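Q: Sending over a structure as structure tokens; questions will come in a sec.
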Amino acid sequence: MTTETGIGASVRRKEDKRFIIGKGRYLDDITKPGQTYGYFIRSPYAHAKINSIDTSEALKAPGIVDILTGPDMEADGIGPIICGWGITSKDGTPHKAPAHPALAVSHVKYVGHQVALVVAETLQQARDAAELVEIDYEELPHVIEVGDALASDAPQIHDDIPGNLSFDWEIGDRAAAEQAIASAHHVTRMDLRNNRLIPNAMEPRAALGEYDAGTDEITLYTTSQNPHVHRLVLSAFNAVAPEHKLRVIAPDVGGGFGSKIFIYSEETVCAWATKKLDRPIKWTADRSESFLSDAHGRDHETHAEMAFDADGKILGFKVSTKANVGCYLSTFASAVPTYLYGTLLNGQYTMPAIYCEVQAGFTNTAPVDAYRGAGRPEATYVVERMIEIGAREMGIDPGEIRKRNFIPPDAYPYETPVIMAYDSGNYALAMDKAQAAIDYSGFEARKAESAQRGKLRGIGYSAFIEACGIAPSAAVGSLGAGVGLWESAQVRFNPTGSVTVFTGSHSHGQGHETTFAQIVSDQLGVPIDQVEISHGDTGKVPFGMGTYGSRSLAVGGSAIMKAIDKVVEKSKKIAAHTLEASVEDIEHSGGVFSVAGTDKKMTMAEIAFSAYVPHNYPADVEPGMDETAFYDPLNFTFPAGTHIAEVEIDPETGTTEILDWVAVDDFGNVINPMIVEGQVHGGLAQGIGQALLENCVYDKESGQLLTGSYMDYCMPRADDLPTFRVETINTPCTTNPLGVKGCGEAGAISAPAALMNAITNALGKEIDMPATPEKVWRAAQGL
Amino acid sequence: MYEFDYKRPGTIDEAAGLLNDDTVLLAGGQTLIPTLKQRLAQPEALVDLSAIESLRGVCPDGDQLAIGAMTTHAEVANKATIPVLASLASGIGDAQVRNRGTIGGSIANNDPAADYPAAVVGLNAVVSTDRRTIAADDFFTDLFETALEEGEIITNVTFPKPEAAAYIKFDNPASRYAIVGVMVAKTSSGIRVAVTGAGPCVFRQTEMETALSGSFTTQALENISVSADGLNSDIHASAEYRANLIKVLAKRAVAQING
Ligand SMILES: Cc1cc2nc3c(=O)[nH]c(=O)nc-3n(C[C@H](O)[C@H](O)[C@H](O)COP(=O)(O)OP(=O)(O)OC[C@H]3O[C@@H](n4cnc5c(N)ncnc54)[C@H](O)[C@@H]3O)c2cc1C
């Protein structure tokens with residue numbers, strides 16, 4: 001309707017003004033009267049027994065308020081940090097999760113493990129006092145790599161979890177996959193490593209607890225992607241406060257990438273301690289703490305076997321993965337390497353048989369959980385490296401082998417052997433467009449030109465698929481989730497015609513304040529500057545499951561559509577009454593309600609005003625215009641696409657330059673193409689970061705985090721990246737009212753495989769991520 | 001950070017008078033401040049050199065260029081009349097670091113991966129202090145160690161203008177310090193090849209100097225095999241890889257000089 005600001009328009013982001021003029025309000029910008037500051041004492045050891053904690057000297061330090069420890073929390077009945085998804089092992093037993101007290105009680109299990117909270121009038125005083133706390137640690141043997149942790153002679157991390165094994169899970173048909181492999185024309189076998197990453201949101205995690213002794217209410221400000229989930233868990237499991245006495249506010253949040261989904265120790269402690277001490281307590285991670293204690297991502301060791309017939313058609317696929325979950329199971333840690341991973345191993349292809357088994361192992365490292373893409377980048381990496389290597393081994397063009405295996409556009413809905421039902425897609429179209437955009441047929445000539453300059457040129461594909469719009473509650477419930485994954489929305493008209501939308505989705509960079517406003521503006525004809533999107537406060541928003549898994553638009557946006565439907569329904573009644581027509585005769589289009597076949601009509605603004613000034617309403621029309629809807633998705637959504645990367649390698653130094661990048665993605669309908677393009681760029685930057693630059697390294701000997709600052713952990717920077725060429729194709733999703741699929745994770749999911757395929761194509765040799773200059777140089781030199 | 005006093009003397013003498021075992025000189029603070037923030041040092045006082053005008057500036061003087069110790073990398077990048085020095089300075093860190101960090105702070109710190117040491121040694125500069133002058137070859141002694149005595153203040157660094165020179169740096173992808181940086185220069189005292197990033201501190205690659213003195217061509221370096229012995233090895237680069245880079249970068253520097 002309002003074409004310049006409606007669905008499909010590249011509206012500039014409404015929220016950017018406050019960020020650009022420095023008026024964003026992040027957690028550390030908030031300070032309360034009587035503010036105190038918390039400093040966490042953290043374990044310097046990878047694994048140790050705590051013999052004693054002596055706080056007597058520290059409690060005499062200037063400005064000290066108190067020092068709180070694990071036993072204090074236990075004494076107050078505060079429950080341990082939980083994992084919200086139950087996984088069942090092959091043998092039918094539930095996954096094993098060690099008790100995870102928010103502050104260590106008897107043992108520390110990784111460097112950075114929270115041991116005590118020092119509260120003082122200033123942060124400096126808290127840090128000074130912390131140095132006076134005497135902790136007697138007794139070091140124990142530790143293990144860092146998951147392969148080592150699952151070996152028979154590994155040090156035991158948790159007394160009650162033999163062999164450090166959390167679960168041994170499987171999906172698919174083992175016999176069928178093995179049969180296909182045994183009788184295939186060709187089998188590609190590979191060991192693949194998915195490197196461990198540290199999320200690095202620009203704003204570090206933070207928490208501010210504030211207790212009101214008058215109302216007995218705790219307000220927790222925290223850097224959360226899902227404030228209601230924080231409230232639910234902190235209330236139901238940690239028993240910090242009853243749900244109606246706990247308000248969680250996630251103000252402007254500077255990026256999350258998954259790492260701010262989880263309910264961590266620090267905010268749990270701050271929420272509890274504020275009431276105990278009756279003082280507001282603020283903790284803001286410094287960057288070193290973020291490196292040590294944010295949940296890390298990925299970290300898989302995989303062996304894969306892909307079976308082909310003589311034409312390159314995939315016959316079977318078998319994948320065995322060891323997933324490092326760190327020292328405890330974080331909030332969704334068990335779901336990531338299982339239902340967000342094994343279920344995506346079908347890729348875009350017809351695969352008659354798939355089998356996947358995953359062993360999740362504990363190590364003396366920070367917990368590992370969802371990070372942008374969460375399981376799906378790992379799956380895409382395995383699928384897309386395997387088919388590419390298969391093509392190379394069989395002498396088939398890598399684009400061609402994919403086309404031979406694509407699920408055809410007329411095969412939907414398509415049931416995969418790993419329980420997903422794809423609703424729609426057009427994989428060959430995306431690939432054709434990508435090949436045309438990058439001039440695939442001209443590659444050999446470009447390669448020859450590079451060779452003349454002594455350079456190695458390579459090209460690589462990734463035809464990725466992801467399951468987004470997470471997720472149908474019934475489906476995830478049957479798979480072990482402890483929650484439903486619906487979303488809520490409230491569309492409230494003010495009497496003067498402006499609208500406030502309350503959404504349970506949370507924007508921490510995604511641009512919801514613009515995209516969601518476009519939907520309302522488009523559907524109800526309200527000028528976009530009169531639509532306000534409110535989120536991030538359990539005191540304002542009815543309920544919500546938050547933002548992750550590219551779900552905000554597909555699920556949160558659909559909830560807004562459902563609320564809009566209710567507004568329309570009610571408005572029709574009001575229009576019918578006012579215009580003296582029957583409800584059946586009222587037609588609605590873009591905020592104009594007219595009587596069919598007449599020129600009688602009312603605008604949405606007129607109806608909203610009348611709803612609050614109901615001077616002549618009949619008894620069956622309720623005043624007010626404020627509708628709430630909950631939406632539970634019918635299915636996951638399945639964004640997919642083809643990315644092609646072209647690189648040039650300097651064999652003398654091992655430097656890789658990305659020369660070109662084409663991304664053709666099918667995100668279904670697109671509400672704001674500019675925001676979508678930005679999301680793809682950001683995802684690609686992170687995916688390229690994983691493949692080329694980023695790597696979390698713990699020292700095996702000492703258990704210390706070696707990449708604990710930007711001096712050693714390499715984030716991608718603008719000059720590491722090419723000019724991306726991003727296109728979309730739009731086969732609408734058939735299972736949600738907006739026809740949208742989600743775009744937030746695609747780049748991060750797709751990029752690593754495309755880039756590694758390009759680099760290994762140039763080298764003619766396999767290497768693992770990240771493709772550092774030294775690794776590339778060694779491969780290029782045959783060392 | 002721990003608490004400390006802050007002094008801002010107006011003259012070199014005044015500064016020297018304030019130095020003792022418990023005080024530390026503050027130049028651009030790009031190394032010192034992060035160290036303090038991490039509580040890795042606990043000085044009683046910082047003696048800030050920024051108010052001493054005579055320590056700042058880029059002064060061409062015939063065949064020489066004198067650079068005050070407190071001159072920032074950005075000023076050197078913009079004003080140095082020795083092109084290789086300007087381009088080296090413009091490749092240090094990022095804009096913020098270049099606008100604060102100083103040449104005096106950099107060489108006093110002698111980080112094994114810093115860029116300036118390659119210029120000081122490669123161009124055969126002279127380091128002046130409040131007490132004496134120190135030849136480049138004598139200044140950098142070991143990992144984070146220099147010839148400076150307790151309480152000695154660098155006042156300036158004087159670079160003779162080279163006939164031709166090139167500095168090629170291979171960035172650490174994370175920190176952007178040098179994994180290896182090689183300065184090749186034709187100077188009045190002969191061909192000099194200085195290598196930073198690869199060892200405990202900057203060193204001259206004399207075998208290459210000799211070869212290039214015979215024939216200033218990339219071919220002259222072809223048969224030199226750089227040993228990995230004694231070179232740094234860390235999570236970013238092994239000694240063997242650094243050895244390779246020394247040769248590759250030296251050849252590229254020679255090629256750049258030869259146009
Ligand atoms: C993010 C980042 C990236 C960087 N990248 C690079 C890079 O790529 N290449 C590179 O070479 N460097 C790099 N640096 C280092 C930077 O360029 C500075 O040169 C360096 O930090 C020291 O200079 P400063 O003036 O800041 O000294 P300060 O930090 O103030 O002092 C450093 C030390 O020198 C002593 N000192 C200072 N001035 C004098 C003096 N006149 N006489 C005697 N002693 C003195 C101080 O007491 C102190 O011990 C980087 C730094 C950062 C933070």
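By order of appearance in the structure tokens: chains A, B, ..., then residues from 1 within every chain, and ligands from 1 in the order shown.
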Near range 392-402 of chain A, within 8 Å and counting only C-alpha atoms, which residues show up once chain neighbours fewer than 6 positions away are dropped, as a tab-separated table (two decimals) with N, CA and C atoms, in the first residue's frame?
A:
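See part02.tsv below for the written result:
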chain	number	residue	atom	x	y	z
A	186	HIS	N	31.56	-44.80	-6.00
A	186	HIS	CA	32.66	-44.02	-5.43
A	186	HIS	C	32.28	-43.54	-4.03
A	188	THR	N	33.60	-40.83	-1.06
A	188	THR	CA	34.52	-39.79	-0.60
A	188	THR	C	34.58	-39.84	0.91
A	312	GLY	N	27.63	-39.40	-10.29
A	312	GLY	CA	27.79	-38.39	-9.26
A	312	GLY	C	26.54	-38.17	-8.43
A	313	LYS	N	25.56	-39.04	-8.58
A	313	LYS	CA	24.36	-38.93	-7.74
A	313	LYS	C	24.67	-39.48	-6.35
A	349	TYR	N	19.88	-31.57	-1.49
A	349	TYR	CA	19.97	-32.69	-2.42
A	349	TYR	C	18.98	-33.82	-2.12
A	431	MET	N	21.57	-21.24	-8.33
A	431	MET	CA	22.91	-21.55	-8.83
A	431	MET	C	23.14	-20.95	-10.21
A	461	TYR	N	32.16	-23.35	-4.39
A	461	TYR	CA	30.72	-23.21	-4.21
A	461	TYR	C	30.32	-23.52	-2.77
A	463	ALA	N	26.30	-24.47	-1.74
A	463	ALA	CA	24.85	-24.45	-1.98
A	463	ALA	C	24.23	-24.87	-0.65
Q: Identify every residue of chain A that has at least one atom within 6 Å of any atom of chain B, counting only C-alpha atoms, and report the result as a ChimeraX atom specification.
A: /A:711-714
Q: Taking 4 positions as the minimum chain separation for residues in the same chain, which residues sit within 10 Å of range 140-150 of chain A when counting only C-alpha atoms? Answer as an mmCIF file with N, CA and C atoms, in the first residue's frame.
A:
data_model
loop_
_atom_site.group_PDB
_atom_site.id
_atom_site.type_symbol
_atom_site.label_atom_id
_atom_site.label_comp_id
_atom_site.auth_asym_id
_atom_site.auth_seq_id
_atom_site.Cartn_x
_atom_site.Cartn_y
_atom_site.Cartn_z
ATOM 1 N N TYR A 45 42.806 -21.354 36.757
ATOM 2 C CA TYR A 45 43.182 -22.722 36.376
ATOM 3 C C TYR A 45 42.107 -23.378 35.514
ATOM 4 N N ALA A 46 42.549 -24.319 34.692
ATOM 5 C CA ALA A 46 41.617 -25.044 33.844
ATOM 6 C C ALA A 46 40.805 -26.056 34.649
ATOM 7 N N HIS A 47 41.406 -26.561 35.696
ATOM 8 C CA HIS A 47 40.706 -27.557 36.512
ATOM 9 C C HIS A 47 41.354 -27.571 37.887
ATOM 10 N N ALA A 48 40.591 -27.332 38.910
ATOM 11 C CA ALA A 48 41.171 -27.325 40.256
ATOM 12 C C ALA A 48 40.081 -27.534 41.290
ATOM 13 N N LYS A 49 40.523 -28.015 42.428
ATOM 14 C CA LYS A 49 39.644 -28.138 43.579
ATOM 15 C C LYS A 49 39.845 -26.879 44.419
ATOM 16 N N HIS A 107 34.721 -26.937 42.941
ATOM 17 C CA HIS A 107 35.715 -27.112 41.883
ATOM 18 C C HIS A 107 35.594 -25.991 40.857
ATOM 19 N N VAL A 108 36.686 -25.697 40.202
ATOM 20 C CA VAL A 108 36.622 -24.860 39.006
ATOM 21 C C VAL A 108 36.983 -25.733 37.818
ATOM 22 N N LYS A 109 36.303 -25.480 36.691
ATOM 23 C CA LYS A 109 36.422 -26.403 35.565
ATOM 24 C C LYS A 109 36.996 -25.754 34.304
ATOM 25 N N TYR A 110 37.220 -24.455 34.327
ATOM 26 C CA TYR A 110 37.868 -23.822 33.166
ATOM 27 C C TYR A 110 38.443 -22.470 33.593
ATOM 28 N N ALA A 154 41.431 -40.252 29.401
ATOM 29 C CA ALA A 154 41.281 -38.813 29.659
ATOM 30 C C ALA A 154 41.058 -38.528 31.134
ATOM 31 N N PRO A 155 41.522 -37.348 31.585
ATOM 32 C CA PRO A 155 41.177 -36.924 32.953
ATOM 33 C C PRO A 155 39.663 -36.802 33.081
ATOM 34 N N GLN A 156 39.180 -37.147 34.244
ATOM 35 C CA GLN A 156 37.740 -37.116 34.513
ATOM 36 C C GLN A 156 37.369 -35.697 34.966
ATOM 37 N N ILE A 157 36.422 -35.055 34.252
ATOM 38 C CA ILE A 157 36.099 -33.661 34.581
ATOM 39 C C ILE A 157 35.006 -33.570 35.650
ATOM 40 N N PRO A 162 31.013 -40.416 33.610
ATOM 41 C CA PRO A 162 32.149 -41.229 33.190
ATOM 42 C C PRO A 162 32.540 -40.948 31.740
ATOM 43 N N GLY A 163 33.832 -40.893 31.512
ATOM 44 C CA GLY A 163 34.341 -40.721 30.149
ATOM 45 C C GLY A 163 34.056 -39.362 29.557
ATOM 46 N N ASN A 164 33.584 -38.411 30.366
ATOM 47 C CA ASN A 164 33.308 -37.038 29.904
ATOM 48 C C ASN A 164 32.262 -36.976 28.794
ATOM 49 N N LEU A 165 31.440 -38.016 28.692
ATOM 50 C CA LEU A 165 30.468 -38.081 27.590
ATOM 51 C C LEU A 165 29.102 -37.589 28.064
ATOM 52 N N ASP A 299 33.378 -25.963 17.115
ATOM 53 C CA ASP A 299 34.293 -26.940 17.715
ATOM 54 C C ASP A 299 33.830 -28.379 17.515
ATOM 55 N N HIS A 300 33.853 -28.808 16.266
ATOM 56 C CA HIS A 300 33.507 -30.189 15.911
ATOM 57 C C HIS A 300 34.696 -30.898 15.277
ATOM 58 N N GLU A 301 34.817 -32.175 15.592
ATOM 59 C CA GLU A 301 35.724 -33.057 14.840
ATOM 60 C C GLU A 301 34.848 -34.076 14.147
ATOM 61 N N THR A 321 30.460 -37.301 14.363
ATOM 62 C CA THR A 321 30.991 -36.042 14.884
ATOM 63 C C THR A 321 31.230 -36.130 16.377
ATOM 64 N N LYS A 322 32.344 -35.539 16.767
ATOM 65 C CA LYS A 322 32.602 -35.314 18.186
ATOM 66 C C LYS A 322 32.465 -33.818 18.415
ATOM 67 N N ALA A 323 31.529 -33.457 19.296
ATOM 68 C CA ALA A 323 31.265 -32.043 19.558
ATOM 69 C C ALA A 323 31.770 -31.671 20.939
ATOM 70 N N ASN A 324 32.554 -30.603 20.996
ATOM 71 C CA ASN A 324 33.072 -30.110 22.273
ATOM 72 C C ASN A 324 32.019 -29.182 22.872
ATOM 73 N N VAL A 325 31.458 -29.558 24.019
ATOM 74 C CA VAL A 325 30.438 -28.701 24.640
ATOM 75 C C VAL A 325 31.016 -27.869 25.789
ATOM 76 N N GLY A 326 32.327 -27.915 25.957
ATOM 77 C CA GLY A 326 32.924 -27.158 27.062
ATOM 78 C C GLY A 326 32.723 -27.891 28.374
ATOM 79 N N CYS A 327 32.798 -27.143 29.482
ATOM 80 C CA CYS A 327 32.815 -27.819 30.778
ATOM 81 C C CYS A 327 31.426 -28.043 31.351
ATOM 82 N N GLN A 359 28.803 -37.515 19.301
ATOM 83 C CA GLN A 359 29.203 -37.672 20.699
ATOM 84 C C GLN A 359 29.564 -36.303 21.239
ATOM 85 N N ALA A 360 28.901 -35.908 22.318
ATOM 86 C CA ALA A 360 29.186 -34.605 22.918
ATOM 87 C C ALA A 360 30.066 -34.822 24.132
ATOM 88 N N GLY A 361 31.219 -34.169 24.128
ATOM 89 C CA GLY A 361 32.194 -34.389 25.194
ATOM 90 C C GLY A 361 32.469 -33.135 26.001
ATOM 91 N N PHE A 362 32.614 -33.328 27.316
ATOM 92 C CA PHE A 362 33.003 -32.217 28.195
ATOM 93 C C PHE A 362 34.512 -32.023 28.146
ATOM 94 N N THR A 363 34.925 -30.754 28.219
ATOM 95 C CA THR A 363 36.347 -30.400 28.271
ATOM 96 C C THR A 363 36.522 -29.268 29.275
ATOM 97 N N ASN A 364 37.752 -28.984 29.633
ATOM 98 C CA ASN A 364 38.002 -27.867 30.570
ATOM 99 C C ASN A 364 38.135 -26.558 29.803
ATOM 100 N N THR A 365 37.060 -26.206 29.125
ATOM 101 C CA THR A 365 37.016 -24.965 28.354
ATOM 102 C C THR A 365 35.669 -24.299 28.618
ATOM 103 N N ALA A 366 35.536 -23.061 28.170
ATOM 104 C CA ALA A 366 34.266 -22.347 28.350
ATOM 105 C C ALA A 366 33.145 -23.148 27.691
ATOM 106 N N VAL A 697 42.069 -20.672 20.554
ATOM 107 C CA VAL A 697 43.115 -21.636 20.909
ATOM 108 C C VAL A 697 43.358 -21.623 22.420
ATOM 109 N N TYR A 698 43.182 -22.772 23.040
ATOM 110 C CA TYR A 698 43.619 -22.970 24.419
ATOM 111 C C TYR A 698 44.953 -23.704 24.381
ATOM 112 N N ASP A 699 45.818 -23.362 25.310
ATOM 113 C CA ASP A 699 47.075 -24.084 25.416
ATOM 114 C C ASP A 699 46.796 -25.439 26.057
ATOM 115 N N LYS A 700 47.147 -26.497 25.348
ATOM 116 C CA LYS A 700 46.851 -27.838 25.867
ATOM 117 C C LYS A 700 47.571 -28.102 27.178
ATOM 118 N N GLU A 701 48.787 -27.570 27.287
ATOM 119 C CA GLU A 701 49.592 -27.821 28.490
ATOM 120 C C GLU A 701 49.016 -27.146 29.728
ATOM 121 N N SER A 702 48.748 -25.844 29.590
ATOM 122 C CA SER A 702 48.358 -25.067 30.765
ATOM 123 C C SER A 702 46.847 -24.887 30.873
ATOM 124 N N GLY A 703 46.133 -25.118 29.790
ATOM 125 C CA GLY A 703 44.695 -24.879 29.787
ATOM 126 C C GLY A 703 44.324 -23.419 29.680
ATOM 127 N N GLN A 704 45.331 -22.534 29.492
ATOM 128 C CA GLN A 704 45.050 -21.102 29.367
ATOM 129 C C GLN A 704 44.537 -20.786 27.964
#
Q: When you look at range 42-50 of chain B with a cut-off of 10 Å (counting only C-alpha atoms), what residues show up, excluding the ones that are within fewer than 4 positions of it in the same chain? I need them as number ranges by chain.
A: B: 1-12, 14-16, 18-29, 32, 35-36, 54-56, 69-71, 153
Q: Based on the backbone DSSP call, show me all residues of range 177-235 of chain B assigned alpha helix (DSSP H), as number ranges by chain.
A: B: 206-214, 219-222
Q: List as a ChimeraX atom specification the protein and nucleic acid residues near Pro162 in chain B, meaning an atom at most 10 Å away when only C-alpha atoms are counted, but skip any in the same chain fewer than 6 places from it.
A: /B:63-64,82-84,122-124,185-191
